[in-house]
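**Q** This one is target_29.pdb, PDB, C-alpha atoms and all ligand atoms.
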ATOM      1  CA  MET A   1     117.482  35.168  80.660
ATOM      2  CA  PHE A   2     119.370  38.352  81.485
ATOM      3  CA  GLN A   3     118.444  40.351  84.565
ATOM      4  CA  LEU A   4     117.384  43.970  84.424
ATOM      5  CA  GLN A   5     119.264  46.244  86.784
ATOM      6  CA  PRO A   6     117.216  47.648  89.671
ATOM      7  CA  ASN A   7     114.923  50.452  88.562
ATOM      8  CA  ILE A   8     116.351  53.942  88.735
ATOM      9  CA  MET A   9     112.880  55.135  89.795
ATOM     10  CA  LYS A  10     112.538  58.282  87.735
ATOM     11  CA  ARG A  11     109.046  59.579  87.321
ATOM     12  CA  SER A  12     109.184  61.226  83.924
ATOM     13  CA  PHE A  13     111.506  61.783  81.003
ATOM     14  CA  LEU A  14     110.937  65.249  79.591
ATOM     15  CA  SER A  15     114.511  66.380  79.085
ATOM     16  CA  GLU A  16     118.031  64.976  78.686
ATOM     17  CA  THR A  17     118.738  66.178  82.230
ATOM     18  CA  ASP A  18     116.142  63.888  83.821
ATOM     19  CA  PHE A  19     118.808  61.182  84.140
ATOM     20  CA  SER A  20     122.259  61.697  85.668
ATOM     21  CA  LEU A  21     125.378  60.612  83.792
ATOM     22  CA  ALA A  22     125.500  57.374  85.818
ATOM     23  CA  GLU A  23     121.843  56.722  85.058
ATOM     24  CA  ILE A  24     122.394  57.351  81.335
ATOM     25  CA  GLU A  25     125.184  54.763  81.451
ATOM     26  CA  ALA A  26     122.729  52.293  83.056
ATOM     27  CA  VAL A  27     120.073  53.057  80.414
ATOM     28  CA  PHE A  28     122.612  52.518  77.614
ATOM     29  CA  GLN A  29     123.820  49.226  79.099
ATOM     30  CA  GLN A  30     120.223  48.023  79.421
ATOM     31  CA  ALA A  31     119.511  49.082  75.840
ATOM     32  CA  ARG A  32     122.543  47.088  74.693
ATOM     33  CA  GLN A  33     121.242  43.998  76.519
ATOM     34  CA  LEU A  34     117.707  44.469  75.233
ATOM     35  CA  LYS A  35     119.069  44.756  71.690
ATOM     36  CA  LEU A  36     121.232  41.651  72.098
ATOM     37  CA  HIS A  37     118.458  39.515  73.577
ATOM     38  CA  ARG A  38     115.469  40.794  71.589
ATOM     39  CA  GLY A  39     113.204  37.989  70.463
ATOM     40  CA  LYS A  40     114.729  35.394  72.796
ATOM     41  CA  ALA A  41     112.616  33.513  75.324
ATOM     42  CA  ASN A  42     112.000  34.838  78.849
ATOM     43  CA  GLN A  43     112.437  38.512  78.087
ATOM     44  CA  PRO A  44     111.627  40.864  80.996
ATOM     45  CA  LYS A  45     108.064  42.216  81.058
ATOM     46  CA  PRO A  46     108.209  45.131  83.524
ATOM     47  CA  LEU A  47     105.091  46.722  81.974
ATOM     48  CA  ASP A  48     102.993  43.576  82.440
ATOM     49  CA  GLY A  49      99.363  44.581  82.922
ATOM     50  CA  GLN A  50     100.032  48.250  82.198
ATOM     51  CA  THR A  51      98.440  50.545  79.626
ATOM     52  CA  TRP A  52     100.422  53.513  78.254
ATOM     53  CA  ALA A  53      98.622  56.336  76.461
ATOM     54  CA  MET A  54     100.369  57.746  73.407
ATOM     55  CA  LEU A  55      99.139  61.247  72.657
ATOM     56  CA  PHE A  56     100.438  62.675  69.390
ATOM     57  CA  HIS A  57      99.699  66.196  68.158
ATOM     58  CA  LYS A  58     102.213  65.911  65.293
ATOM     59  CA  SER A  59     103.027  63.287  62.662
ATOM     60  CA  SER A  60     105.420  60.459  63.471
ATOM     61  CA  THR A  61     106.749  57.258  61.957
ATOM     62  CA  ARG A  62     109.736  56.173  64.076
ATOM     63  CA  THR A  63     108.645  57.448  67.484
ATOM     64  CA  ARG A  64     105.104  56.189  67.316
ATOM     65  CA  ILE A  65     105.950  52.751  65.941
ATOM     66  CA  SER A  66     109.033  52.124  68.099
ATOM     67  CA  PHE A  67     107.088  53.058  71.255
ATOM     68  CA  GLU A  68     104.091  50.914  70.278
ATOM     69  CA  VAL A  69     106.347  47.924  69.581
ATOM     70  CA  GLY A  70     108.532  48.599  72.638
ATOM     71  CA  ILE A  71     105.654  48.891  75.115
ATOM     72  CA  HIS A  72     104.149  45.693  73.679
ATOM     73  CA  GLU A  73     107.468  43.823  73.961
ATOM     74  CA  LEU A  74     107.807  44.893  77.616
ATOM     75  CA  GLY A  75     104.411  43.359  78.367
ATOM     76  CA  GLY A  76     102.323  46.540  78.290
ATOM     77  CA  ARG A  77      99.562  47.828  76.053
ATOM     78  CA  PRO A  78     100.144  50.989  74.016
ATOM     79  CA  MET A  79      97.044  53.099  73.330
ATOM     80  CA  TYR A  80      97.557  55.535  70.449
ATOM     81  CA  LEU A  81      95.374  58.631  70.725
ATOM     82  CA  ASP A  82      94.740  61.181  68.039
ATOM     83  CA  GLN A  83      93.989  64.563  69.593
ATOM     84  CA  ASN A  84      91.224  65.200  67.051
ATOM     85  CA  ARG A  85      89.295  62.243  68.464
ATOM     86  CA  LEU A  86      89.624  63.399  72.065
ATOM     87  CA  GLN A  87      87.439  65.999  73.750
ATOM     88  CA  MET A  88      90.653  68.022  74.167
ATOM     89  CA  GLY A  89      90.361  68.755  70.437
ATOM     90  CA  ARG A  90      86.958  70.332  71.186
ATOM     91  CA  GLY A  91      88.160  72.491  74.036
ATOM     92  CA  GLU A  92      88.366  70.264  77.139
ATOM     93  CA  THR A  93      91.257  71.592  79.212
ATOM     94  CA  ILE A  94      94.666  69.934  79.323
ATOM     95  CA  ALA A  95      94.400  69.738  83.110
ATOM     96  CA  ASP A  96      91.081  67.884  83.066
ATOM     97  CA  THR A  97      92.250  65.562  80.304
ATOM     98  CA  ALA A  98      95.411  64.725  82.265
ATOM     99  CA  ARG A  99      93.573  64.258  85.579
ATOM    100  CA  VAL A 100      91.012  61.900  84.043
ATOM    101  CA  MET A 101      93.450  59.916  81.930
ATOM    102  CA  GLY A 102      95.818  59.610  84.884
ATOM    103  CA  ARG A 103      93.118  57.551  86.597
ATOM    104  CA  TYR A 104      93.088  55.027  83.761
ATOM    105  CA  VAL A 105      96.609  54.603  82.431
ATOM    106  CA  HIS A 106     100.057  53.913  83.868
ATOM    107  CA  GLY A 107     101.999  56.441  81.817
ATOM    108  CA  PHE A 108     102.051  58.774  78.835
ATOM    109  CA  VAL A 109     104.141  59.174  75.704
ATOM    110  CA  ILE A 110     103.406  62.651  74.299
ATOM    111  CA  ARG A 111     104.465  64.451  71.108
ATOM    112  CA  THR A 112     103.276  68.030  70.969
ATOM    113  CA  PHE A 113     104.220  71.623  70.136
ATOM    114  CA  ASP A 114     104.489  73.418  73.487
ATOM    115  CA  HIS A 115     106.872  71.834  76.011
ATOM    116  CA  ALA A 116     104.715  73.279  78.831
ATOM    117  CA  LEU A 117     101.920  70.832  77.943
ATOM    118  CA  LEU A 118     104.186  67.973  79.032
ATOM    119  CA  GLU A 119     104.913  69.668  82.347
ATOM    120  CA  GLU A 120     101.181  70.180  82.908
ATOM    121  CA  PHE A 121     100.397  66.555  82.054
ATOM    122  CA  ARG A 122     103.061  65.351  84.477
ATOM    123  CA  GLN A 123     101.753  67.634  87.216
ATOM    124  CA  GLU A 124      98.062  66.921  86.750
ATOM    125  CA  SER A 125      98.068  63.213  85.833
ATOM    126  CA  GLY A 126     100.435  62.047  88.579
ATOM    127  CA  LYS A 127     101.816  59.489  86.124
ATOM    128  CA  PRO A 128     105.162  59.275  84.254
ATOM    129  CA  VAL A 129     105.324  61.295  81.052
ATOM    130  CA  ILE A 130     107.818  60.648  78.227
ATOM    131  CA  ASN A 131     108.702  63.447  75.811
ATOM    132  CA  ALA A 132     108.195  62.079  72.301
ATOM    133  CA  LEU A 133     109.266  65.491  70.830
ATOM    134  CA  THR A 134     108.250  69.061  71.476
ATOM    135  CA  ASP A 135     109.207  72.280  69.686
ATOM    136  CA  TRP A 136     111.924  72.606  72.343
ATOM    137  CA  LEU A 137     113.497  69.145  72.838
ATOM    138  CA  HIS A 138     113.637  65.583  71.453
ATOM    139  CA  PRO A 139     115.492  63.656  74.188
ATOM    140  CA  CYS A 140     114.490  60.127  73.068
ATOM    141  CA  GLN A 141     116.317  60.893  69.826
ATOM    142  CA  THR A 142     119.514  62.293  71.378
ATOM    143  CA  TYR A 143     119.792  59.451  73.899
ATOM    144  CA  THR A 144     119.504  57.083  70.937
ATOM    145  CA  ASP A 145     122.004  59.086  68.899
ATOM    146  CA  ALA A 146     124.566  59.010  71.705
ATOM    147  CA  PHE A 147     123.940  55.282  72.201
ATOM    148  CA  SER A 148     124.377  54.690  68.450
ATOM    149  CA  ILE A 149     127.776  56.401  68.485
ATOM    150  CA  ALA A 150     128.845  54.659  71.704
ATOM    151  CA  GLU A 151     127.948  51.146  70.534
ATOM    152  CA  ARG A 152     130.467  51.585  67.716
ATOM    153  CA  LEU A 153     133.191  52.789  70.082
ATOM    154  CA  SER A 154     132.859  50.435  73.051
ATOM    155  CA  GLY A 155     132.738  46.686  73.548
ATOM    156  CA  GLU A 156     130.315  44.770  75.764
ATOM    157  CA  GLY A 157     131.073  45.446  79.426
ATOM    158  CA  GLU A 158     132.883  48.715  78.696
ATOM    159  CA  SER A 159     131.561  52.121  79.677
ATOM    160  CA  MET A 160     129.536  53.584  76.834
ATOM    161  CA  THR A 161     129.400  57.127  78.189
ATOM    162  CA  ALA A 162     133.174  57.169  78.784
ATOM    163  CA  ALA A 163     133.673  56.210  75.129
ATOM    164  CA  LEU A 164     131.795  59.360  74.109
ATOM    165  CA  ARG A 165     133.816  61.844  76.163
ATOM    166  CA  GLY A 166     135.711  64.314  73.961
ATOM    167  CA  ARG A 167     134.181  63.048  70.714
ATOM    168  CA  LYS A 168     133.510  65.810  68.205
ATOM    169  CA  VAL A 169     130.021  66.283  66.783
ATOM    170  CA  ALA A 170     129.187  68.888  64.141
ATOM    171  CA  PHE A 171     125.522  69.843  63.652
ATOM    172  CA  PHE A 172     124.450  71.702  60.492
ATOM    173  CA  GLY A 173     121.431  73.722  59.386
ATOM    174  CA  ASP A 174     118.677  74.849  61.759
ATOM    175  CA  CYS A 175     120.668  75.333  64.977
ATOM    176  CA  ALA A 176     117.637  76.652  66.856
ATOM    177  CA  CYS A 177     115.451  73.588  66.278
ATOM    178  CA  ASN A 178     114.543  70.939  68.847
ATOM    179  CA  MET A 179     117.272  68.551  67.669
ATOM    180  CA  ALA A 180     119.962  71.225  67.950
ATOM    181  CA  VAL A 181     118.867  72.254  71.459
ATOM    182  CA  SER A 182     118.670  68.623  72.543
ATOM    183  CA  TRP A 183     122.128  67.984  71.122
ATOM    184  CA  ILE A 184     123.515  70.981  73.009
ATOM    185  CA  GLN A 185     122.145  69.481  76.200
ATOM    186  CA  ILE A 186     123.278  65.869  75.697
ATOM    187  CA  ALA A 187     126.758  66.968  74.566
ATOM    188  CA  ALA A 188     127.134  69.042  77.742
ATOM    189  CA  ILE A 189     126.069  66.091  79.913
ATOM    190  CA  LEU A 190     128.336  63.588  78.151
ATOM    191  CA  GLY A 191     131.362  65.868  77.744
ATOM    192  CA  MET A 192     131.266  65.767  73.953
ATOM    193  CA  GLU A 193     132.607  68.614  71.835
ATOM    194  CA  LEU A 194     129.736  70.157  69.881
ATOM    195  CA  ARG A 195     130.012  72.647  67.037
ATOM    196  CA  LEU A 196     126.888  73.973  65.355
ATOM    197  CA  SER A 197     126.849  75.721  62.025
ATOM    198  CA  GLY A 198     124.026  77.454  60.190
ATOM    199  CA  PRO A 199     122.756  80.917  59.283
ATOM    200  CA  ALA A 200     122.945  83.486  62.108
ATOM    201  CA  ALA A 201     119.148  83.827  61.981
ATOM    202  CA  TYR A 202     118.913  80.171  63.040
ATOM    203  CA  ALA A 203     121.550  80.202  65.811
ATOM    204  CA  PRO A 204     120.709  78.797  69.259
ATOM    205  CA  GLY A 205     118.757  81.390  71.265
ATOM    206  CA  SER A 206     119.819  82.847  74.619
ATOM    207  CA  GLN A 207     117.253  80.639  76.381
ATOM    208  CA  VAL A 208     119.501  77.673  75.519
ATOM    209  CA  ASP A 209     122.315  79.048  77.676
ATOM    210  CA  SER A 210     119.834  79.707  80.495
ATOM    211  CA  MET A 211     118.651  76.105  80.222
ATOM    212  CA  LEU A 212     122.226  74.835  80.587
ATOM    213  CA  GLN A 213     123.017  77.170  83.470
ATOM    214  CA  GLN A 214     119.860  76.171  85.334
ATOM    215  CA  ALA A 215     120.854  72.521  84.951
ATOM    216  CA  GLY A 216     124.377  73.259  86.192
ATOM    217  CA  LEU A 217     125.849  72.262  82.818
ATOM    218  CA  PRO A 218     128.749  74.014  81.041
ATOM    219  CA  VAL A 219     127.938  76.405  78.180
ATOM    220  CA  ASN A 220     130.767  75.283  75.914
ATOM    221  CA  TYR A 221     129.255  74.549  72.521
ATOM    222  CA  LEU A 222     130.537  76.532  69.549
ATOM    223  CA  PHE A 223     128.273  78.228  67.012
ATOM    224  CA  THR A 224     129.904  79.272  63.731
ATOM    225  CA  GLU A 225     128.486  80.421  60.427
ATOM    226  CA  ASP A 226     131.408  78.708  58.669
ATOM    227  CA  PRO A 227     130.453  75.065  57.980
ATOM    228  CA  LYS A 228     134.079  74.176  57.236
ATOM    229  CA  VAL A 229     135.173  75.215  60.721
ATOM    230  CA  ALA A 230     132.464  73.003  62.215
ATOM    231  CA  ALA A 231     133.267  69.996  60.014
ATOM    232  CA  GLN A 232     137.052  70.075  60.476
ATOM    233  CA  GLY A 233     138.155  66.865  62.230
ATOM    234  CA  ALA A 234     134.621  66.004  63.416
ATOM    235  CA  ASP A 235     133.813  62.390  64.304
ATOM    236  CA  VAL A 236     130.118  62.864  63.501
ATOM    237  CA  LEU A 237     128.374  65.115  60.973
ATOM    238  CA  TYR A 238     124.740  65.509  61.946
ATOM    239  CA  THR A 239     121.850  67.301  60.345
ATOM    240  CA  ASP A 240     118.084  67.614  60.629
ATOM    241  CA  VAL A 241     115.378  68.873  58.279
ATOM    242  CA  TRP A 242     115.448  72.590  57.480
ATOM    243  CA  VAL A 243     111.665  72.816  57.902
ATOM    244  CA  SER A 244     110.537  71.289  61.185
ATOM    245  CA  MET A 245     106.939  70.377  61.930
ATOM    246  CA  GLY A 246     105.116  73.642  62.580
ATOM    247  CA  ASN A 247     107.451  75.723  60.363
ATOM    248  CA  GLU A 248     105.855  74.786  57.041
ATOM    249  CA  ASP A 249     104.803  78.403  56.288
ATOM    250  CA  GLU A 250     108.501  79.403  56.241
ATOM    251  CA  ARG A 251     109.542  76.646  53.848
ATOM    252  CA  GLU A 252     110.841  78.767  50.961
ATOM    253  CA  GLN A 253     112.853  81.205  53.091
ATOM    254  CA  ARG A 254     114.363  78.399  55.176
ATOM    255  CA  LEU A 255     115.440  76.364  52.148
ATOM    256  CA  LYS A 256     117.054  79.418  50.612
ATOM    257  CA  ALA A 257     118.778  80.484  53.837
ATOM    258  CA  MET A 258     120.202  77.079  54.762
ATOM    259  CA  ARG A 259     121.371  75.839  51.372
ATOM    260  CA  PRO A 260     125.096  76.567  52.052
ATOM    261  CA  TRP A 261     124.932  74.275  55.092
ATOM    262  CA  GLN A 262     124.012  71.090  53.209
ATOM    263  CA  VAL A 263     126.051  68.075  54.392
ATOM    264  CA  ASN A 264     127.758  66.843  51.224
ATOM    265  CA  THR A 265     130.971  65.122  50.180
ATOM    266  CA  SER A 266     133.030  68.353  50.403
ATOM    267  CA  LEU A 267     132.013  68.754  54.034
ATOM    268  CA  MET A 268     132.532  65.050  54.809
ATOM    269  CA  ALA A 269     136.043  65.316  53.316
ATOM    270  CA  LEU A 270     136.991  67.752  56.104
ATOM    271  CA  ALA A 271     135.851  65.424  58.886
ATOM    272  CA  ALA A 272     138.013  62.892  60.754
ATOM    273  CA  PRO A 273     138.942  59.642  58.988
ATOM    274  CA  ASN A 274     136.052  57.156  59.502
ATOM    275  CA  ALA A 275     133.641  59.981  60.407
ATOM    276  CA  ILE A 276     129.985  59.014  60.331
ATOM    277  CA  PHE A 277     126.895  60.813  59.055
ATOM    278  CA  MET A 278     123.802  60.940  61.260
ATOM    279  CA  HIS A 279     120.247  62.240  60.834
ATOM    280  CA  CYS A 280     117.244  61.790  63.107
ATOM    281  CA  LEU A 281     114.984  61.316  60.026
ATOM    282  CA  PRO A 282     112.739  61.951  58.197
ATOM    283  CA  ALA A 283     115.342  63.189  55.674
ATOM    284  CA  HIS A 284     115.024  65.276  52.541
ATOM    285  CA  GLU A 285     117.812  64.070  50.286
ATOM    286  CA  GLY A 286     119.135  66.915  48.157
ATOM    287  CA  GLU A 287     118.162  69.487  50.809
ATOM    288  CA  GLU A 288     119.956  69.165  54.172
ATOM    289  CA  VAL A 289     122.031  66.177  52.949
ATOM    290  CA  SER A 290     123.240  65.197  49.486
ATOM    291  CA  SER A 291     122.119  61.794  48.242
ATOM    292  CA  ASP A 292     125.678  60.480  47.938
ATOM    293  CA  VAL A 293     126.401  61.161  51.619
ATOM    294  CA  TYR A 294     122.984  59.911  52.732
ATOM    295  CA  GLN A 295     123.434  56.614  50.859
ATOM    296  CA  SER A 296     127.157  56.219  51.660
ATOM    297  CA  PRO A 297     128.678  53.586  53.992
ATOM    298  CA  ALA A 298     129.423  56.441  56.426
ATOM    299  CA  SER A 299     125.697  56.957  56.950
ATOM    300  CA  ILE A 300     124.316  55.149  60.017
ATOM    301  CA  VAL A 301     120.787  56.568  59.811
ATOM    302  CA  TYR A 302     118.992  53.220  59.805
ATOM    303  CA  ASP A 303     120.970  51.965  62.824
ATOM    304  CA  GLN A 304     119.908  55.152  64.585
ATOM    305  CA  ALA A 305     116.282  54.539  63.657
ATOM    306  CA  GLU A 306     116.447  50.918  64.858
ATOM    307  CA  ASN A 307     118.069  51.918  68.123
ATOM    308  CA  ARG A 308     115.093  54.124  69.019
ATOM    309  CA  LEU A 309     113.325  50.877  69.930
ATOM    310  CA  HIS A 310     116.051  49.497  72.204
ATOM    311  CA  VAL A 311     116.872  52.780  73.964
ATOM    312  CA  GLN A 312     113.225  53.692  74.571
ATOM    313  CA  LYS A 313     112.578  50.224  76.010
ATOM    314  CA  ALA A 314     115.463  50.858  78.423
ATOM    315  CA  ILE A 315     113.996  54.277  79.329
ATOM    316  CA  LEU A 316     110.585  52.666  79.943
ATOM    317  CA  CYS A 317     112.224  50.078  82.232
ATOM    318  CA  ASN A 318     113.489  52.940  84.394
ATOM    319  CA  LEU A 319     110.371  55.030  84.948
TER     320      LEU A 319
HETATM  321  N1  LIG B 401     113.126  60.932  64.375
HETATM  322  C1  LIG B 401     111.825  60.899  64.666
HETATM  323  O1  LIG B 401     111.389  61.269  65.753
HETATM  324  O2  LIG B 401     111.035  60.417  63.668
HETATM  325  P1  LIG B 401     109.450  60.487  63.598
HETATM  326  O3  LIG B 401     109.065  61.935  63.432
HETATM  327  O4  LIG B 401     109.089  59.648  62.407
HETATM  328  O5  LIG B 401     108.872  59.933  64.861
HETATM  329  N1  LIG B 402     113.205  69.016  63.874
HETATM  330  C1  LIG B 402     112.324  67.993  63.357
HETATM  331  C2  LIG B 402     112.608  66.691  64.016
HETATM  332  C3  LIG B 402     111.785  65.530  63.493
HETATM  333  C4  LIG B 402     112.087  64.251  64.206
HETATM  334  C5  LIG B 402     110.889  68.421  63.596
HETATM  335  O1  LIG B 402     110.582  68.889  64.702
HETATM  336  O2  LIG B 402     110.068  68.291  62.686
END
In structure tokens, write the structure found in this file.
**A**
Amino acid sequence: MFQLQPNIMKRSFLSETDFSLAEIEAVFQQARQLKLHRGKANQPKPLDGQTWAMLFHKSSTRTRISFEVGIHELGGRPMYLDQNRLQMGRGETIADTARVMGRYVHGFVIRTFDHALLEEFRQESGKPVINALTDWLHPCQTYTDAFSIAERLSGEGESMTAALRGRKVAFFGDCACNMAVSWIQIAAILGMELRLSGPAAYAPGSQVDSMLQQAGLPVNYLFTEDPKVAAQGADVLYTDVWVSMGNEDEREQRLKAMRPWQVNTSLMALAAPNAIFMHCLPAHEGEEVSSDVYQSPASIVYDQAENRLHVQKAILCNL
């Protein structure tokens, strides 16, 4: 049986910045061990006897299922809650819901629209809260993305975060969405070179730079409307849906505006030799990514999806 490293003792995981670089390295190493030893006897059960509430205000396949499986495998009990079945859906305040639930459960996994709801839950419940996606950030996904790149670049026992330093990531499409903002933050923490490309109307907002400055991180990402400039020599081409959850009313205008930023074979041809394609999923083949790129050997989307389980288990071990 492998030993878990001592707990880092963080209370919540709302943003990429909630772990230091050294702590991210520890989380990645734990995730690597958990992946290697999954299913073997005598696995660690740090959540033994615990119940974790999973409150989802938006749809989910990967996040919900990987957290339910992960909490179970760590010895805990996941409790999935649909907001429409809670009194919160009938007007009970967030504060009261958090205060009451905090007396029952050991932690929360929350997917919602407004990032402030997570802050309020953390404040009022007194229990750890994990961000399972908000309109602002999706840190479980970017930690997993970085891990998925690093596991290809580093051997067992080698530093995974060091392997990422200086690597070039190009992000295409909606550069103001949660995935883009989260990528800006994780790239700054890990010292990766990030270029984003999309229509000017969907460029990262000024609040992104404020977020970085407040966290003491460098503002050194590049935004360009020219997808070729972003793709040139990149190690990773990354995209996300053009219509995020909550933006459905803008579907037609978004599809029209972002069409020139589809990741396709012409864009992949500009990237570095052995460049990989990544997507957080769900994907819309033929929209943000062409089918030939999505289905190509360069695409590691299913490894990414699998790694959500291992990385989130490592995050849970450290709360
Ligand atoms: N990538 C991701 O978070 O997927 P789900 O929306 O299916 O959870
Ligand atoms: N930007 C997407 C990410 C889905 C995982 C959304 O918010 O819908």
**Q** Select from stretch 240-278 of chain A every residue with an atom at most 12 Å from any atom of stretch 151-160 of chain A, then for each give the shortest pair of atoms and their distance in Å to one decimal, using all atoms listed in the file, rows by chain and rising number, as CSV.
**A**
residue,atom,partner,partner_atom,distance
A:Asn274,CA,A:Arg152,CA,11.4
A:Ala275,CA,A:Arg152,CA,11.6
A:Ile276,CA,A:Arg152,CA,10.5
**Q** Atom CA of A:Tyr238 and atom CA of A:Met278, how far apart in Å?
**A**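 Spanning atom CA of A:Met278 to atom CA of A:Tyr238 is a straight-line distance of 4.7 Å.
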**Q** Kindly provide, as a PyMOL selection string, all nucleotide and amino acid residues lying within 9 Å of ligand LIG 401 (chain B), counting all atoms listed in the file.
**A** chain A and resi 58-66+111+132-133+138+140-141+245+279-282+304-305+308
**Q** I'd like to see the residues matched by the PyMOL selection byres (((chain A and resi 124) around 9) and not hetatm) on this file, and ideally I'd get them as a VMD selection string.
**A** chain A and resid 94 to 99 102 119 to 123 125 to 127
**Q** Can you spit out the residues from that selection as a tab-separated table (two decimals), in the frame of the given file, using C-alpha atoms?
**A**
chain	number	residue	atom	x	y	z
A	94	ILE	CA	94.67	69.93	79.32
A	95	ALA	CA	94.40	69.74	83.11
A	96	ASP	CA	91.08	67.88	83.07
A	97	THR	CA	92.25	65.56	80.30
A	98	ALA	CA	95.41	64.72	82.26
A	99	ARG	CA	93.57	64.26	85.58
A	102	GLY	CA	95.82	59.61	84.88
A	119	GLU	CA	104.91	69.67	82.35
A	120	GLU	CA	101.18	70.18	82.91
A	121	PHE	CA	100.40	66.56	82.05
A	122	ARG	CA	103.06	65.35	84.48
A	123	GLN	CA	101.75	67.63	87.22
A	125	SER	CA	98.07	63.21	85.83
A	126	GLY	CA	100.44	62.05	88.58
A	127	LYS	CA	101.82	59.49	86.12
**Q** Between atom CA of A:Leu81 and atom CA of A:Tyr143, what is the distance in Å, rounded to a tenth?
**A** 24.6 Å
**Q** Could you please determine the separation between atom CA of A:Gln43 and atom CA of A:Ile300 in Å, to one decimal place?
**A** 27.3 Å
**Q** Apply the PyMOL selection byres (((chain A and resi 205-218) around 7) and not hetatm) to the structure shown and report the selected residues as a PDB file with C-alpha atoms, in the frame of the given file.
**A**
ATOM      1  CA  ALA A 176     117.637  76.652  66.856  1.00  0.00           C
ATOM      2  CA  VAL A 181     118.867  72.254  71.459  1.00  0.00           C
ATOM      3  CA  GLN A 185     122.145  69.481  76.200  1.00  0.00           C
ATOM      4  CA  ALA A 188     127.134  69.042  77.742  1.00  0.00           C
ATOM      5  CA  ILE A 189     126.069  66.091  79.913  1.00  0.00           C
ATOM      6  CA  ALA A 203     121.550  80.202  65.811  1.00  0.00           C
ATOM      7  CA  PRO A 204     120.709  78.797  69.259  1.00  0.00           C
ATOM      8  CA  VAL A 219     127.938  76.405  78.180  1.00  0.00           C
ATOM      9  CA  ASN A 220     130.767  75.283  75.914  1.00  0.00           C
TER      10      ASN A 220
END
**Q** Box along x, y and z, 8 Å on every side, all listed atoms of ligand LIG 402 (chain B) inside: centre and edge lengths in Å to one decimal, as JSON.
**A**
{"center_x": 111.6, "center_y": 66.6, "center_z": 63.7, "size_x": 19.1, "size_y": 20.8, "size_z": 18.0}
**Q** Using the chain letters and numbers from the file, which residues does the PyMOL selection byres (((chain A and resi 197) around 8) and not hetatm) grab, as JSON, numbers by chain?
**A** {"A": [170, 171, 172, 173, 175, 195, 196, 198, 199, 203, 223, 224, 225, 226, 227, 230, 261]}
**Q** Keeping only C-alpha atoms, write those residues as a PDB file, in the coordinates of the input.
**A**
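Okay, again31.pdb is ready:
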ATOM      1  CA  ALA A 170     129.187  68.888  64.141  1.00  0.00           C
ATOM      2  CA  PHE A 171     125.522  69.843  63.652  1.00  0.00           C
ATOM      3  CA  PHE A 172     124.450  71.702  60.492  1.00  0.00           C
ATOM      4  CA  GLY A 173     121.431  73.722  59.386  1.00  0.00           C
ATOM      5  CA  CYS A 175     120.668  75.333  64.977  1.00  0.00           C
ATOM      6  CA  ARG A 195     130.012  72.647  67.037  1.00  0.00           C
ATOM      7  CA  LEU A 196     126.888  73.973  65.355  1.00  0.00           C
ATOM      8  CA  GLY A 198     124.026  77.454  60.190  1.00  0.00           C
ATOM      9  CA  PRO A 199     122.756  80.917  59.283  1.00  0.00           C
ATOM     10  CA  ALA A 203     121.550  80.202  65.811  1.00  0.00           C
ATOM     11  CA  PHE A 223     128.273  78.228  67.012  1.00  0.00           C
ATOM     12  CA  THR A 224     129.904  79.272  63.731  1.00  0.00           C
ATOM     13  CA  GLU A 225     128.486  80.421  60.427  1.00  0.00           C
ATOM     14  CA  ASP A 226     131.408  78.708  58.669  1.00  0.00           C
ATOM     15  CA  PRO A 227     130.453  75.065  57.980  1.00  0.00           C
ATOM     16  CA  ALA A 230     132.464  73.003  62.215  1.00  0.00           C
ATOM     17  CA  TRP A 261     124.932  74.275  55.092  1.00  0.00           C
TER      18      TRP A 261
END
**Q** I'd like to know which of A:Ala163, A:Val229, A:Ala314, A:Leu137 is closest to ligand LIG 402 (chain B), using only C-alpha atoms and all ligand atoms.
**A**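 With only C-alpha atoms and all ligand atoms as the atom set, the closest residue is A:Leu137.
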**Q** Any chance you could turn stretch 26-31 of chain A into a file with N, CA, C and O atoms, as a compact mmCIF listing (two decimals), in the first residue's frame?
**A**
# COMPACT_ATOMS: atom_id res chain seq x y z
N ALA A 26 2.47 18.54 -5.18
CA ALA A 26 2.09 17.43 -4.27
C ALA A 26 0.76 16.81 -4.71
O ALA A 26 0.61 15.58 -4.70
N VAL A 27 -0.19 17.64 -5.11
CA VAL A 27 -1.49 17.13 -5.58
C VAL A 27 -1.28 16.27 -6.83
O VAL A 27 -1.82 15.16 -6.95
N PHE A 28 -0.45 16.74 -7.76
CA PHE A 28 -0.21 15.99 -9.00
C PHE A 28 0.48 14.65 -8.70
O PHE A 28 0.14 13.62 -9.29
N GLN A 29 1.45 14.69 -7.78
CA GLN A 29 2.14 13.42 -7.45
C GLN A 29 1.17 12.43 -6.80
O GLN A 29 1.22 11.23 -7.09
N GLN A 30 0.30 12.94 -5.94
CA GLN A 30 -0.70 12.06 -5.32
C GLN A 30 -1.64 11.50 -6.37
O GLN A 30 -2.01 10.33 -6.33
N ALA A 31 -2.05 12.38 -7.31
CA ALA A 31 -2.97 11.92 -8.37
C ALA A 31 -2.32 10.81 -9.18
O ALA A 31 -2.95 9.82 -9.54
